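Reproduced below: model-v6.txt, with compact mmCIF, C-alpha atoms and all ligand atoms.
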# COMPACT_ATOMS: atom_id res chain seq x y z
CA MET A 1 89.78 120.29 63.44
CA ILE A 2 93.20 118.73 62.90
CA TYR A 3 94.72 121.77 64.67
CA ASP A 4 92.52 121.04 67.67
CA THR A 5 93.91 117.51 67.79
CA TYR A 6 97.48 118.88 67.68
CA LEU A 7 96.64 121.31 70.48
CA ILE A 8 95.18 118.47 72.56
CA ILE A 9 98.32 116.37 71.96
CA ILE A 10 100.59 119.27 73.01
CA LEU A 11 98.51 120.02 76.12
CA SER A 12 98.42 116.30 77.03
CA LEU A 13 102.21 116.10 76.69
CA ILE A 14 102.76 119.17 78.86
CA PHE A 15 100.29 118.22 81.64
CA GLY A 16 101.09 114.53 81.35
CA ALA A 17 104.84 114.99 81.54
CA CYS A 18 104.57 117.25 84.63
CA PHE A 19 102.10 115.01 86.46
CA GLY A 20 104.04 111.93 85.30
CA SER A 21 107.18 113.35 86.83
CA PHE A 22 105.31 114.05 90.07
CA ALA A 23 103.91 110.48 89.99
CA ASN A 24 107.46 109.09 89.66
CA MET A 25 108.58 111.12 92.66
CA LEU A 26 105.60 109.80 94.68
CA ILE A 27 106.28 106.19 93.63
CA TYR A 28 109.93 106.42 94.63
CA ARG A 29 109.35 108.18 97.96
CA LEU A 30 106.35 106.05 98.98
CA CYS A 31 108.28 102.84 98.18
CA CYS A 32 111.30 104.02 100.24
CA ASP A 33 109.12 105.51 102.98
CA GLN A 34 110.75 108.91 102.40
CA SER A 35 109.22 112.28 103.21
CA LEU A 36 107.08 113.72 100.41
CA LEU A 37 107.96 117.22 101.62
CA ARG A 38 111.67 117.16 100.82
CA VAL A 39 112.22 119.54 97.92
CA ARG A 40 115.27 118.20 96.06
CA SER A 41 115.45 114.82 94.34
CA LEU A 42 118.57 112.66 94.58
CA CYS A 43 120.02 109.80 92.55
CA PRO A 44 119.24 106.72 94.69
CA ASN A 45 122.66 105.25 93.85
CA CYS A 46 125.21 108.09 94.24
CA ASN A 47 123.04 110.63 96.14
CA ASN A 48 123.89 113.31 93.57
CA THR A 49 121.31 116.13 93.75
CA LEU A 50 119.37 116.15 90.50
CA GLY A 51 119.42 119.45 88.65
CA LEU A 52 116.88 120.90 86.26
CA ILE A 53 118.56 119.19 83.30
CA ASP A 54 117.98 115.75 84.93
CA LEU A 55 114.33 116.42 85.66
CA ILE A 56 112.81 117.34 82.27
CA PRO A 57 110.18 114.63 81.77
CA ILE A 58 110.90 112.14 78.93
CA VAL A 59 113.59 114.43 77.42
CA SER A 60 116.11 114.00 80.28
CA PHE A 61 115.73 110.21 80.18
CA LEU A 62 116.40 110.12 76.43
CA LEU A 63 119.26 112.67 76.56
CA LEU A 64 120.98 110.82 79.41
CA ARG A 65 120.28 107.50 77.62
CA GLY A 66 118.58 106.14 80.73
CA ARG A 67 121.64 106.60 83.00
CA CYS A 68 122.49 108.87 85.94
CA ARG A 69 124.57 111.83 84.75
CA CYS A 70 126.94 111.43 87.69
CA CYS A 71 127.41 107.69 88.40
CA LYS A 72 126.14 106.33 85.03
CA LYS A 73 124.00 103.72 86.80
CA PRO A 74 120.89 102.83 84.73
CA ILE A 75 117.73 104.70 85.72
CA LEU A 76 114.65 102.49 86.10
CA LYS A 77 112.64 102.23 82.83
CA ARG A 78 109.59 102.88 85.00
CA TYR A 79 110.42 106.61 84.97
CA LEU A 80 109.99 106.74 81.21
CA VAL A 81 106.94 104.43 81.19
CA VAL A 82 105.08 106.60 83.75
CA GLU A 83 106.03 109.81 81.90
CA LEU A 84 104.60 108.29 78.71
CA LEU A 85 101.45 106.81 80.25
CA THR A 86 100.39 110.02 82.03
CA PRO A 87 100.11 112.05 78.77
CA ILE A 88 97.89 109.24 77.37
CA LEU A 89 95.65 109.66 80.43
CA PHE A 90 95.46 113.42 79.82
CA PHE A 91 94.83 112.86 76.11
CA LEU A 92 91.85 110.64 76.95
CA PHE A 93 90.63 113.37 79.32
CA LEU A 94 90.83 116.09 76.65
CA TYR A 95 90.00 114.23 73.42
CA PRO A 96 86.39 114.99 72.33
CA HIS A 97 85.56 111.40 71.30
CA SER A 98 87.03 109.81 74.42
CA PHE A 99 84.90 107.86 76.90
CA MET A 100 86.41 109.97 79.70
CA LEU A 101 86.10 113.43 78.10
CA LEU A 102 86.52 116.08 80.83
CA ASN A 103 85.60 113.48 83.46
CA LEU A 104 87.62 114.57 86.51
CA HIS A 105 86.53 111.48 88.43
CA TYR A 106 88.09 109.14 85.85
CA LEU A 107 91.18 111.35 85.55
CA LEU A 108 91.91 111.37 89.28
CA PHE A 109 91.07 107.67 89.65
CA GLY A 110 93.26 106.81 86.66
CA TYR A 111 96.17 108.90 87.94
CA ILE A 112 96.11 107.28 91.37
CA ILE A 113 95.82 103.70 90.10
CA LEU A 114 98.78 104.41 87.80
CA ILE A 115 100.88 105.28 90.88
CA LEU A 116 99.51 102.29 92.83
CA PHE A 117 100.36 99.93 89.94
CA PHE A 118 104.05 100.75 90.25
CA THR A 119 104.29 101.02 94.07
CA ASP A 120 102.85 97.50 94.31
CA LEU A 121 105.02 96.17 91.49
CA GLU A 122 108.22 97.59 93.02
CA SER A 123 107.57 97.30 96.75
CA TYR A 124 104.44 95.16 97.29
CA LEU A 125 102.82 98.30 98.67
CA LEU A 126 99.45 99.93 98.07
CA PRO A 127 100.00 102.99 100.30
CA LEU A 128 97.06 103.79 102.56
CA PRO A 129 97.05 107.57 101.78
CA LEU A 130 96.43 106.79 98.10
CA THR A 131 93.85 104.03 98.58
CA SER A 132 92.11 106.30 101.12
CA ILE A 133 91.82 109.04 98.48
CA LEU A 134 90.12 106.50 96.19
CA VAL A 135 87.72 105.50 98.99
CA GLY A 136 86.96 109.21 99.66
CA LEU A 137 86.45 109.81 95.95
CA GLY A 138 84.06 106.83 95.77
CA ILE A 139 82.03 108.12 98.72
CA ALA A 140 81.80 111.61 97.14
CA ILE A 141 80.76 110.21 93.73
CA SER A 142 78.17 107.86 95.31
CA PHE A 143 76.79 110.77 97.35
CA LEU A 144 76.46 112.96 94.25
CA GLY A 145 74.83 110.06 92.34
CA ASP A 146 72.43 109.45 95.23
CA VAL A 147 73.58 105.84 95.66
CA LEU A 148 75.72 106.28 98.76
CA LEU A 149 73.77 104.01 101.12
CA SER A 150 73.49 101.08 98.70
CA ARG A 151 77.16 101.32 97.69
CA LEU A 152 78.31 101.55 101.32
CA MET A 153 76.31 98.42 102.17
CA VAL A 154 77.73 96.53 99.20
CA ALA A 155 81.26 97.75 100.04
CA LEU A 156 80.81 96.46 103.59
CA LEU A 157 79.67 93.12 102.20
CA PHE A 158 82.67 92.96 99.86
CA ALA A 159 85.10 93.90 102.62
CA SER A 160 83.70 91.14 104.89
CA GLY A 161 83.81 88.56 102.07
CA LEU A 162 87.36 89.48 101.09
CA LEU A 163 88.57 89.44 104.70
CA ALA A 164 87.09 85.95 105.08
CA PHE A 165 88.74 84.92 101.78
CA ARG A 166 92.06 86.34 103.09
CA TYR A 167 91.71 84.52 106.41
CA ILE A 168 91.05 81.17 104.70
CA PHE A 169 93.92 81.54 102.22
CA ASN A 170 96.36 82.74 104.89
CA HIS A 171 95.36 79.70 106.96
CA ILE A 172 95.88 77.28 104.03
CA TYR A 173 99.20 78.74 102.85
CA LYS A 174 100.44 79.72 106.35
CA GLN A 175 101.51 83.19 105.13
CA ASP A 176 100.08 86.55 104.11
CA THR A 177 98.57 85.75 100.71
CA PHE A 178 96.29 88.68 100.09
CA GLY A 179 97.18 92.14 101.38
CA LEU A 180 94.86 94.48 103.22
CA GLY A 181 95.80 97.13 100.62
CA ASP A 182 94.26 94.90 97.91
CA ILE A 183 91.03 94.69 99.93
CA ILE A 184 90.87 98.49 100.40
CA LEU A 185 91.51 98.96 96.67
CA LEU A 186 88.66 96.57 95.76
CA VAL A 187 86.33 98.31 98.23
CA ALA A 188 87.32 101.66 96.65
CA ILE A 189 86.48 100.26 93.17
CA SER A 190 83.10 99.11 94.45
CA LEU A 191 82.37 102.58 95.92
CA ASN A 192 83.49 104.36 92.75
CA PHE A 193 81.92 102.18 90.06
CA GLY A 194 79.45 99.81 91.70
CA TRP A 195 79.50 96.14 92.61
CA GLN A 196 79.36 94.81 89.04
CA ILE A 197 82.65 96.43 88.06
CA CYS A 198 84.22 95.42 91.38
CA LEU A 199 83.18 91.77 91.03
CA SER A 200 84.34 91.56 87.43
CA THR A 201 87.64 93.30 88.37
CA PHE A 202 88.22 90.72 91.10
CA TYR A 203 87.34 87.89 88.71
CA CYS A 204 89.76 89.22 86.03
CA ALA A 205 92.50 89.83 88.62
CA VAL A 206 92.27 86.28 90.03
CA ILE A 207 92.37 84.75 86.51
CA LEU A 208 95.24 86.99 85.31
CA GLY A 209 97.23 86.69 88.58
CA GLY A 210 96.66 82.91 88.61
CA CYS A 211 97.83 82.48 84.99
CA TYR A 212 100.88 84.67 85.65
CA SER A 213 101.84 82.68 88.78
CA VAL A 214 101.42 79.34 86.97
CA MET A 215 103.60 80.67 84.13
CA LEU A 216 106.35 81.78 86.55
CA ILE A 217 106.25 78.44 88.38
CA ALA A 218 106.35 76.54 85.04
CA LEU A 219 109.37 78.61 83.97
CA LYS A 220 110.95 77.91 87.41
CA LYS A 221 111.29 81.66 88.07
CA ARG A 222 109.24 81.48 91.27
CA SER A 223 108.32 78.75 93.72
CA ARG A 224 104.78 78.04 94.93
CA ASN A 225 105.43 79.94 98.15
CA ASP A 226 106.75 83.14 96.56
CA LEU A 227 104.41 86.12 96.69
CA ILE A 228 103.47 88.12 93.63
CA PRO A 229 101.90 91.59 93.89
CA PHE A 230 98.14 91.35 93.33
CA GLY A 231 97.50 95.12 92.97
CA PRO A 232 98.71 95.35 89.33
CA PHE A 233 96.29 92.55 88.37
CA ILE A 234 93.42 94.36 90.10
CA ILE A 235 94.34 97.49 88.11
CA ILE A 236 94.57 95.61 84.79
CA GLY A 237 91.34 93.89 85.86
CA ILE A 238 89.50 97.18 86.25
CA LEU A 239 90.66 98.34 82.82
CA CYS A 240 89.40 95.06 81.30
CA SER A 241 86.17 95.20 83.28
CA PHE A 242 84.50 98.12 81.57
CA LYS A 243 84.38 96.28 78.23
CA PHE A 244 84.55 92.77 79.61
CA LEU A 245 81.45 93.36 81.70
CA GLU A 246 79.21 94.12 78.72
CA ILE A 247 80.16 90.89 76.97
CA ALA A 248 80.84 88.40 79.73
CA VAL A 249 78.50 89.14 82.63
CA PRO A 250 75.46 87.39 81.15
CA PHE A 251 77.53 84.21 80.90
CA LEU A 252 79.56 84.49 84.08
CA PHE A 253 77.05 85.56 86.67
CA LEU A 254 73.81 84.64 84.88
CA ILE A 255 72.37 88.13 85.31
ZN ZN A 301 123.86 108.53 90.34

Take the structure I supplied and represent it as structure tokens, if you would.
Ligand SMILES: [Zn+2]
Amino acid sequence: MIYDTYLIIILSLIFGACFGSFANMLIYRLCCDQSLLRVRSLCPNCNNTLGLIDLIPIVSFLLLRGRCRCCKKPILKRYLVVELLTPILFFLFLYPHSFMLLNLHYLLFGYIILILFFTDLESYLLPLPLTSILVGLGIAISFLGDVLLSRLMVALLFASGLLAFRYIFNHIYKQDTFGLGDIILLVAISLNFGWQICLSTFYCAVILGGCYSVMLIALKKRSRNDLIPFGPFIIIGILCSFKFLEIAVPFLFLI
């Protein structure tokens, strides 16, 4: 049994490191609006073409001590974080006692929100091709679960409510406060997991984002008018929601 666990860890590291490396490439190219089709990767600072030795997930980062081999400029820690988080995702997918054992829906959803977390954090972007995949995935899952019509109606309701919320806040603060990408992501969550998870995700995201903004303002790191990316809070919100919902819903929404 213990050997099975070792095998799962090794497989998770192999798959996770490869897909993590691909996720890093997507994050970088989507944030810089670069073609995803270009084959070779470059150092963003000195434009040195990265060789095989620079591209081994996790290992290259540690061997190069987090610096470019050519210009010695520090490489973003995000590369290592993504290459470590992706194996955890694959471990949860393969581990027999995991809540997402062999659940391809959760794996794909988890992989895409991992990429979205960092594109929004780095560039205030939730790229439409990725959020569209989540919407498509939600429609397919709802169709297979025979709940497509009800989820589409609820998603439409959410989208209208959130657009109204966006309009009011933009009017009050006289700037773009709540991105359309955030709305598409919330609609995708509603299509994938139902309205309860979507509502509790939004609730968690507003509380977490609000607390974080207040903290930054109190520490004088941001002013009231500075924007913070909301996508990462939605993504943390969805992770909290699965457990949070069981405990808090009876108190919060009186269901
Ligand atoms: Zn360089």

### Task
In Å, rounded to a single decimal, give me how far atom CA of A:Leu219 is from atom CA of A:Leu180.
28.9 Å

### Task
Please write out the residues within 10 Å of ligand ZN 301 (chain A) as a ChimeraX atom specification, counting only C-alpha atoms and all ligand atoms.
/A:42-50,67-75

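The interatomic distance for the pair atom CA of A:Asn192 and atom CA of A:Ala140 works out to 8.6 Å.
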
### Message
Residues within 12 Å of stretch 127-132 of chain A, please, as an MDAnalysis selection string. Count only C-alpha atoms; anything in the same chain fewer than 2 positions from it doesn't count.
### Response
chainID A and resid 23 26:33 36 108:120 123:125 134:139 179:189 191:192 231

### Message
as a VMD selection string, please: the residues near stretch 6-17 of chain A (cut-off 7 Å, only C-alpha atoms, same-chain neighbours under 2 positions excluded).
### Response
chain A and resid 2 to 4 19 to 21 57 83 86 to 87 90 to 91 94 to 95

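Atom pair atom CA of A:Cys204 / atom CA of A:Ser142 has a distance of 23.8 Å (rounded to one decimal).
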
### Nearest residue to A:Leu149 from the set A:Gly194, A:Leu76, A:Asn170, A:Leu107 (distances using all atoms listed in the file)
A:Gly194
